[in-house]
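S.K.: Contents are PDB, C-alpha atoms; file name final_22.pdb:
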ATOM      1  CA  SER A   1     127.664  82.712 108.512
ATOM      2  CA  VAL A   2     124.855  81.094 110.474
ATOM      3  CA  SER A   3     121.815  83.004 111.711
ATOM      4  CA  ALA A   4     118.718  82.064 113.683
ATOM      5  CA  GLN A   5     116.715  84.805 111.960
ATOM      6  CA  VAL A   6     113.505  83.640 110.293
ATOM      7  CA  SER A   7     112.785  85.630 107.146
ATOM      8  CA  THR A   8     111.062  85.431 103.781
ATOM      9  CA  ASN A   9     112.320  87.126 100.639
ATOM     10  CA  VAL A  10     109.883  87.953  97.829
ATOM     11  CA  SER A  11     111.934  88.349  94.650
ATOM     12  CA  THR A  12     111.463  90.666  91.667
ATOM     13  CA  LYS A  13     110.044  87.787  89.617
ATOM     14  CA  MET A  14     107.409  87.091  92.272
ATOM     15  CA  VAL A  15     106.448  90.780  92.497
ATOM     16  CA  ILE A  16     106.021  90.871  88.709
ATOM     17  CA  ASP A  17     104.191  87.541  88.400
ATOM     18  CA  LEU A  18     101.854  87.712  91.401
ATOM     19  CA  PRO A  19      98.703  89.854  91.325
ATOM     20  CA  SER A  20      97.952  92.459  93.987
ATOM     21  CA  SER A  21      94.432  93.832  94.185
ATOM     22  CA  THR A  22      95.541  96.674  96.474
ATOM     23  CA  ARG A  23      98.730  97.647  94.583
ATOM     24  CA  ASN A  24     100.385  97.922  98.005
ATOM     25  CA  ALA A  25     104.031  96.818  98.101
ATOM     26  CA  LEU A  26     103.495  95.253 101.507
ATOM     27  CA  SER A  27     100.752  92.944 100.234
ATOM     28  CA  TYR A  28     103.561  90.628  99.045
ATOM     29  CA  ALA A  29     104.740  90.275 102.658
ATOM     30  CA  GLU A  30     101.744  88.040 103.308
ATOM     31  CA  MET A  31     103.696  85.251 101.628
ATOM     32  CA  ALA A  32     105.693  84.986 104.854
ATOM     33  CA  PRO A  33     104.246  82.545 107.402
ATOM     34  CA  GLY A  34     102.446  84.282 110.277
ATOM     35  CA  VAL A  35     102.070  87.650 108.492
ATOM     36  CA  THR A  36      98.723  89.354 107.866
ATOM     37  CA  ILE A  37      98.599  92.842 106.320
ATOM     38  CA  GLN A  38      95.902  95.115 107.759
ATOM     39  CA  SER A  39      95.336  97.624 104.953
ATOM     40  CA  GLY A  40      92.136  97.102 103.006
ATOM     41  CA  ALA A  41      92.747  99.798 100.389
ATOM     42  CA  SER A  42      95.588 101.017  98.261
ATOM     43  CA  GLN A  43      98.241 102.604 100.408
ATOM     44  CA  VAL A  44      98.532 105.641  98.151
ATOM     45  CA  MET A  45      95.648 107.516  99.760
ATOM     46  CA  ASN A  46      95.445 105.596 103.034
ATOM     47  CA  ILE A  47      96.480 108.258 105.557
ATOM     48  CA  THR A  48      96.647 105.880 108.515
ATOM     49  CA  GLY A  49      99.263 103.767 106.739
ATOM     50  CA  THR A  50      99.590 100.013 106.488
ATOM     51  CA  SER A  51      99.968  97.808 109.531
ATOM     52  CA  ALA A  52     100.518  94.098 110.013
ATOM     53  CA  ASN A  53     100.081  91.299 112.498
ATOM     54  CA  VAL A  54     103.156  89.110 112.764
ATOM     55  CA  ASN A  55     103.073  85.847 114.701
ATOM     56  CA  GLY A  56     100.372  87.106 117.053
ATOM     57  CA  ASN A  57     102.058  90.417 117.951
ATOM     58  CA  ARG A  58     100.009  93.593 117.976
ATOM     59  CA  GLN A  59      99.817  95.740 114.854
ATOM     60  CA  ALA A  60     101.931  98.519 116.361
ATOM     61  CA  ARG A  61     104.897  96.227 117.009
ATOM     62  CA  ASN A  62     106.565  96.241 113.591
ATOM     63  CA  VAL A  63     109.298  98.223 111.865
ATOM     64  CA  PHE A  64     109.191  99.212 108.184
ATOM     65  CA  TYR A  65     112.219 100.095 106.043
ATOM     66  CA  LEU A  66     112.594 101.411 102.506
ATOM     67  CA  ASP A  67     116.022 100.562 101.064
ATOM     68  CA  GLY A  68     117.296 100.135 104.623
ATOM     69  CA  SER A  69     116.072 103.549 105.860
ATOM     70  CA  ASP A  70     113.395 103.738 108.530
ATOM     71  CA  ASN A  71     109.995 104.164 106.893
ATOM     72  CA  THR A  72     107.865 103.678 110.011
ATOM     73  CA  GLY A  73     105.255 106.323 110.674
ATOM     74  CA  PRO A  74     104.666 107.886 114.085
ATOM     75  CA  PHE A  75     100.983 106.909 114.020
ATOM     76  CA  ARG A  76     100.945 103.523 115.770
ATOM     77  CA  ASN A  77     104.104 102.347 113.974
ATOM     78  CA  THR A  78     102.391 101.968 110.612
ATOM     79  CA  ALA A  79     104.229 101.938 107.298
ATOM     80  CA  LEU A  80     104.668 105.191 105.428
ATOM     81  CA  GLN A  81     104.307 105.316 101.628
ATOM     82  CA  PHE A  82     106.083 102.786  99.444
ATOM     83  CA  PRO A  83     106.607 102.989  95.669
ATOM     84  CA  ASN A  84     104.385 101.167  93.184
ATOM     85  CA  PRO A  85     105.078  97.445  92.651
ATOM     86  CA  GLU A  86     106.828  98.057  89.310
ATOM     87  CA  ALA A  87     109.610  99.936  91.155
ATOM     88  CA  ILE A  88     110.222  97.152  93.682
ATOM     89  CA  ALA A  89     113.118  94.719  93.403
ATOM     90  CA  GLU A  90     112.288  92.679  96.506
ATOM     91  CA  VAL A  91     110.383  92.595  99.770
ATOM     92  CA  ASN A  92     112.101  91.031 102.785
ATOM     93  CA  VAL A  93     110.163  90.131 105.929
ATOM     94  CA  SER A  94     111.895  88.984 109.111
ATOM     95  CA  THR A  95     109.431  87.455 111.534
ATOM     96  CA  SER A  96     111.635  86.379 114.453
ATOM     97  CA  ASN A  97     115.169  86.462 115.849
ATOM     98  CA  THR A  98     116.103  89.606 113.934
ATOM     99  CA  SER A  99     119.558  91.062 114.422
ATOM    100  CA  ALA A 100     120.172  93.960 116.813
ATOM    101  CA  GLU A 101     120.484  96.455 113.951
ATOM    102  CA  PHE A 102     116.738  96.086 113.383
ATOM    103  CA  GLY A 103     115.759  96.299 117.056
ATOM    104  CA  LYS A 104     112.990  98.569 118.383
ATOM    105  CA  GLN A 105     109.957  96.260 118.096
ATOM    106  CA  PRO A 106     109.248  92.575 118.826
ATOM    107  CA  GLY A 107     107.079  92.042 115.706
ATOM    108  CA  GLY A 108     108.166  91.875 112.098
ATOM    109  CA  VAL A 109     110.815  93.791 110.209
ATOM    110  CA  PHE A 110     109.686  94.716 106.689
ATOM    111  CA  ASN A 111     112.315  95.934 104.211
ATOM    112  CA  VAL A 112     111.233  96.991 100.714
ATOM    113  CA  ILE A 113     114.140  97.286  98.251
ATOM    114  CA  THR A 114     113.655  99.389  95.114
ATOM    115  CA  LYS A 115     115.108  98.702  91.680
ATOM    116  CA  SER A 116     118.136 100.610  90.451
ATOM    117  CA  GLY A 117     119.639 101.647  87.142
ATOM    118  CA  THR A 118     122.047  99.448  85.210
ATOM    119  CA  ASN A 119     124.297  99.736  82.148
ATOM    120  CA  GLU A 120     121.290  98.903  79.976
ATOM    121  CA  PHE A 121     118.195 101.060  79.590
ATOM    122  CA  HIS A 122     115.081  99.326  80.864
ATOM    123  CA  GLY A 123     111.579 100.366  81.760
ATOM    124  CA  ALA A 124     107.962  99.391  82.048
ATOM    125  CA  ALA A 125     104.555 100.976  81.698
ATOM    126  CA  PHE A 126     101.482  99.932  83.624
ATOM    127  CA  GLY A 127      97.795 100.601  83.891
ATOM    128  CA  TYR A 128      95.439  99.349  86.566
ATOM    129  CA  LEU A 129      91.668  99.744  86.538
ATOM    130  CA  HIS A 130      88.830  98.951  88.943
ATOM    131  CA  ASN A 131      85.325  99.709  87.733
ATOM    132  CA  GLU A 132      81.954  98.394  88.839
ATOM    133  CA  ALA A 133      81.084  97.685  85.194
ATOM    134  CA  LEU A 134      83.763  94.976  85.279
ATOM    135  CA  ASN A 135      82.619  93.467  88.603
ATOM    136  CA  ALA A 136      79.869  91.001  89.351
ATOM    137  CA  ASN A 137      77.121  92.114  91.705
ATOM    138  CA  SER A 138      77.172  90.606  95.192
ATOM    139  CA  TRP A 139      74.655  87.973  96.186
ATOM    140  CA  SER A 140      72.999  90.236  98.779
ATOM    141  CA  ARG A 141      72.695  93.140  96.307
ATOM    142  CA  ASN A 142      71.153  90.826  93.712
ATOM    143  CA  LEU A 143      68.679  89.584  96.325
ATOM    144  CA  THR A 144      67.487  93.138  97.108
ATOM    145  CA  GLY A 145      67.619  94.310  93.476
ATOM    146  CA  SER A 146      70.372  96.864  94.240
ATOM    147  CA  PRO A 147      72.859  97.856  91.530
ATOM    148  CA  ARG A 148      76.557  97.079  91.780
ATOM    149  CA  ALA A 149      78.500  99.083  94.375
ATOM    150  CA  ILE A 150      80.608 101.908  92.941
ATOM    151  CA  ASP A 151      84.230 100.737  92.722
ATOM    152  CA  ARG A 152      86.420 103.072  90.681
ATOM    153  CA  LEU A 153      90.189 103.141  90.902
ATOM    154  CA  ARG A 154      92.664 104.057  88.173
ATOM    155  CA  GLN A 155      96.418 103.908  88.416
ATOM    156  CA  TRP A 156      98.881 104.295  85.592
ATOM    157  CA  GLY A 157     102.532 105.104  85.249
ATOM    158  CA  GLY A 158     105.893 103.686  84.410
ATOM    159  CA  THR A 159     109.509 103.149  85.314
ATOM    160  CA  LEU A 160     112.749 103.931  83.511
ATOM    161  CA  GLY A 161     116.333 103.148  84.443
ATOM    162  CA  GLY A 162     119.709 103.196  82.776
ATOM    163  CA  PRO A 163     123.229 104.602  82.725
ATOM    164  CA  VAL A 164     124.234 108.243  83.099
ATOM    165  CA  ILE A 165     127.954 107.428  82.863
ATOM    166  CA  ARG A 166     128.561 103.836  81.794
ATOM    167  CA  ASN A 167     129.875 101.587  84.622
ATOM    168  CA  ARG A 168     129.829 104.514  87.086
ATOM    169  CA  THR A 169     126.565 106.417  87.485
ATOM    170  CA  PHE A 170     123.020 105.135  87.007
ATOM    171  CA  PHE A 171     119.464 106.404  87.366
ATOM    172  CA  PHE A 172     116.087 104.853  88.058
ATOM    173  CA  ALA A 173     112.776 106.729  88.114
ATOM    174  CA  SER A 174     109.217 105.684  88.792
ATOM    175  CA  TYR A 175     105.984 107.600  88.266
ATOM    176  CA  MET A 176     102.398 106.752  89.172
ATOM    177  CA  ASP A 177      99.172 108.681  88.770
ATOM    178  CA  TYR A 178      96.273 107.764  91.025
ATOM    179  CA  TYR A 179      92.554 108.439  90.751
ATOM    180  CA  ASP A 180      89.994 107.072  93.205
ATOM    181  CA  GLN A 181      86.293 107.886  93.230
TER     182      GLN A 181
END
Step by step, read the file and then write its structure as structure tokens.
M.R.:
Amino acid sequence: SVSAQVSTNVSTKMVIDLPSSTRNALSYAEMAPGVTIQSGASQVMNITGTSANVNGNRQARNVFYLDGSDNTGPFRNTALQFPNPEAIAEVNVSTSNTSAEFGKQPGGVFNVITKSGTNEFHGAAFGYLHNEALNANSWSRNLTGSPRAIDRLRQWGGTLGGPVIRNRTFFFASYMDYYDQ
């Protein structure tokens, strides 16, 4: 079938291969033309949620889905929580001419699809660390003789998926622990 919808799909391989300093699933949506994500920190503890500008529309004019279910928060149409990047199969961003099923807002439609279990067991473990000891000092702090700014963030966890009943029932689980100082 033919569609006039303009969308970008970020695959599992891209999510695995591309770095994300914020560990926010929606940071991969910035690969779509005209999309700018407006969350400066990790979404895990960001109470106001993540918002985006799409093709010049206001931040509150987007819709966010998680596995096809509405995941848009009531606070200015921001995104609610999404799983860690290791649990994501793909991120799809539609920036114009979306179908009627995704109506509601004139901006972008963001759909984050999670991984699922298969007939084979598979999993991953991850660790993510920010620490000022690993960062360079900024030019302005060096000029004034100030020490490095405190920047401490630790995330660790893992995923596991596989069969419960071969060819019929599967499971997939993801866990993440978060520490920010």
S.K.: Have a look at atom CA of A:Asp67 and atom CA of A:Thr8 and let me know their distance in Å, one decimal.
M.R.: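 Computing it gives 16.2 Å between the two atoms.
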S.K.: In Å, with one decimal, what is the gap from atom CA of A:Asn9 to atom CA of A:Asn71?
M.R.: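 Interatomic distance here is 18.3 Å.
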S.K.: I'd like to see the residues matched by the PyMOL selection byres ((chain A and resi 50) around 6) on this file, and ideally I'd get them as an NGL selection string.
M.R.: :A and (39 or 49 or 51 or 78-79)
S.K.: From the list A:Pro163, A:Gly117, A:Gly123, A:Pro33, which residue is nearest A:Gly56 when using only C-alpha atoms?
M.R.: A:Pro33
S.K.: I'd like the neighbourhood of A:Pro85 as JSON, numbers by chain, where a residue qualifies if any of its atoms comes within 9 Å (using all atoms listed in the file), though same-chain residues fewer than 3 positions away should be ignored.
M.R.: {"A": [15, 16, 20, 23, 24, 25, 82, 88, 89]}
S.K.: Starting from the incomplete input, reconstruct N, CA, C and O atoms of stretch 57-71 of chain A and report them as an mmCIF file, in the frame of the given file.
M.R.:
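To be explicit, this is the file written out as selection15.cif:
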data_model
loop_
_atom_site.group_PDB
_atom_site.id
_atom_site.type_symbol
_atom_site.label_atom_id
_atom_site.label_comp_id
_atom_site.auth_asym_id
_atom_site.auth_seq_id
_atom_site.Cartn_x
_atom_site.Cartn_y
_atom_site.Cartn_z
ATOM 1 N N ASN A 57 101.735 89.123 117.343
ATOM 2 C CA ASN A 57 102.058 90.417 117.951
ATOM 3 C C ASN A 57 101.032 91.461 117.530
ATOM 4 O O ASN A 57 100.381 91.345 116.498
ATOM 5 N N ARG A 58 100.925 92.506 118.316
ATOM 6 C CA ARG A 58 100.009 93.593 117.976
ATOM 7 C C ARG A 58 100.466 94.324 116.723
ATOM 8 O O ARG A 58 101.630 94.294 116.354
ATOM 9 N N GLN A 59 99.516 95.027 116.099
ATOM 10 C CA GLN A 59 99.817 95.740 114.854
ATOM 11 C C GLN A 59 100.906 96.790 115.022
ATOM 12 O O GLN A 59 101.668 97.042 114.105
ATOM 13 N N ALA A 60 100.983 97.421 116.157
ATOM 14 C CA ALA A 60 101.931 98.519 116.361
ATOM 15 C C ALA A 60 103.311 98.031 116.782
ATOM 16 O O ALA A 60 104.096 98.792 117.321
ATOM 17 N N ARG A 61 103.625 96.792 116.556
ATOM 18 C CA ARG A 61 104.897 96.227 117.009
ATOM 19 C C ARG A 61 105.796 95.803 115.858
ATOM 20 O O ARG A 61 106.527 94.825 115.945
ATOM 21 N N ASN A 62 105.760 96.550 114.768
ATOM 22 C CA ASN A 62 106.565 96.241 113.591
ATOM 23 C C ASN A 62 107.418 97.437 113.206
ATOM 24 O O ASN A 62 107.151 98.560 113.603
ATOM 25 N N VAL A 63 108.425 97.178 112.388
ATOM 26 C CA VAL A 63 109.298 98.223 111.865
ATOM 27 C C VAL A 63 109.323 98.079 110.347
ATOM 28 O O VAL A 63 109.427 96.975 109.825
ATOM 29 N N PHE A 64 109.225 99.207 109.645
ATOM 30 C CA PHE A 64 109.191 99.212 108.184
ATOM 31 C C PHE A 64 110.379 100.010 107.650
ATOM 32 O O PHE A 64 110.664 101.105 108.129
ATOM 33 N N TYR A 65 111.065 99.445 106.659
ATOM 34 C CA TYR A 65 112.219 100.095 106.043
ATOM 35 C C TYR A 65 112.017 100.192 104.537
ATOM 36 O O TYR A 65 111.402 99.317 103.927
ATOM 37 N N LEU A 66 112.550 101.240 103.948
ATOM 38 C CA LEU A 66 112.594 101.411 102.506
ATOM 39 C C LEU A 66 114.053 101.567 102.123
ATOM 40 O O LEU A 66 114.707 102.539 102.529
ATOM 41 N N ASP A 67 114.597 100.601 101.418
ATOM 42 C CA ASP A 67 116.022 100.562 101.064
ATOM 43 C C ASP A 67 116.905 100.701 102.292
ATOM 44 O O ASP A 67 117.942 101.373 102.270
ATOM 45 N N GLY A 68 116.504 100.122 103.400
ATOM 46 C CA GLY A 68 117.296 100.135 104.623
ATOM 47 C C GLY A 68 117.101 101.351 105.503
ATOM 48 O O GLY A 68 117.635 101.411 106.605
ATOM 49 N N SER A 69 116.345 102.347 105.056
ATOM 50 C CA SER A 69 116.072 103.549 105.860
ATOM 51 C C SER A 69 114.722 103.403 106.540
ATOM 52 O O SER A 69 113.770 102.890 105.944
ATOM 53 N N ASP A 70 114.630 103.869 107.766
ATOM 54 C CA ASP A 70 113.395 103.738 108.530
ATOM 55 C C ASP A 70 112.241 104.410 107.800
ATOM 56 O O ASP A 70 112.317 105.572 107.422
ATOM 57 N N ASN A 71 111.179 103.673 107.593
ATOM 58 C CA ASN A 71 109.995 104.164 106.893
ATOM 59 C C ASN A 71 108.753 103.874 107.742
ATOM 60 O O ASN A 71 107.695 103.581 107.235
#
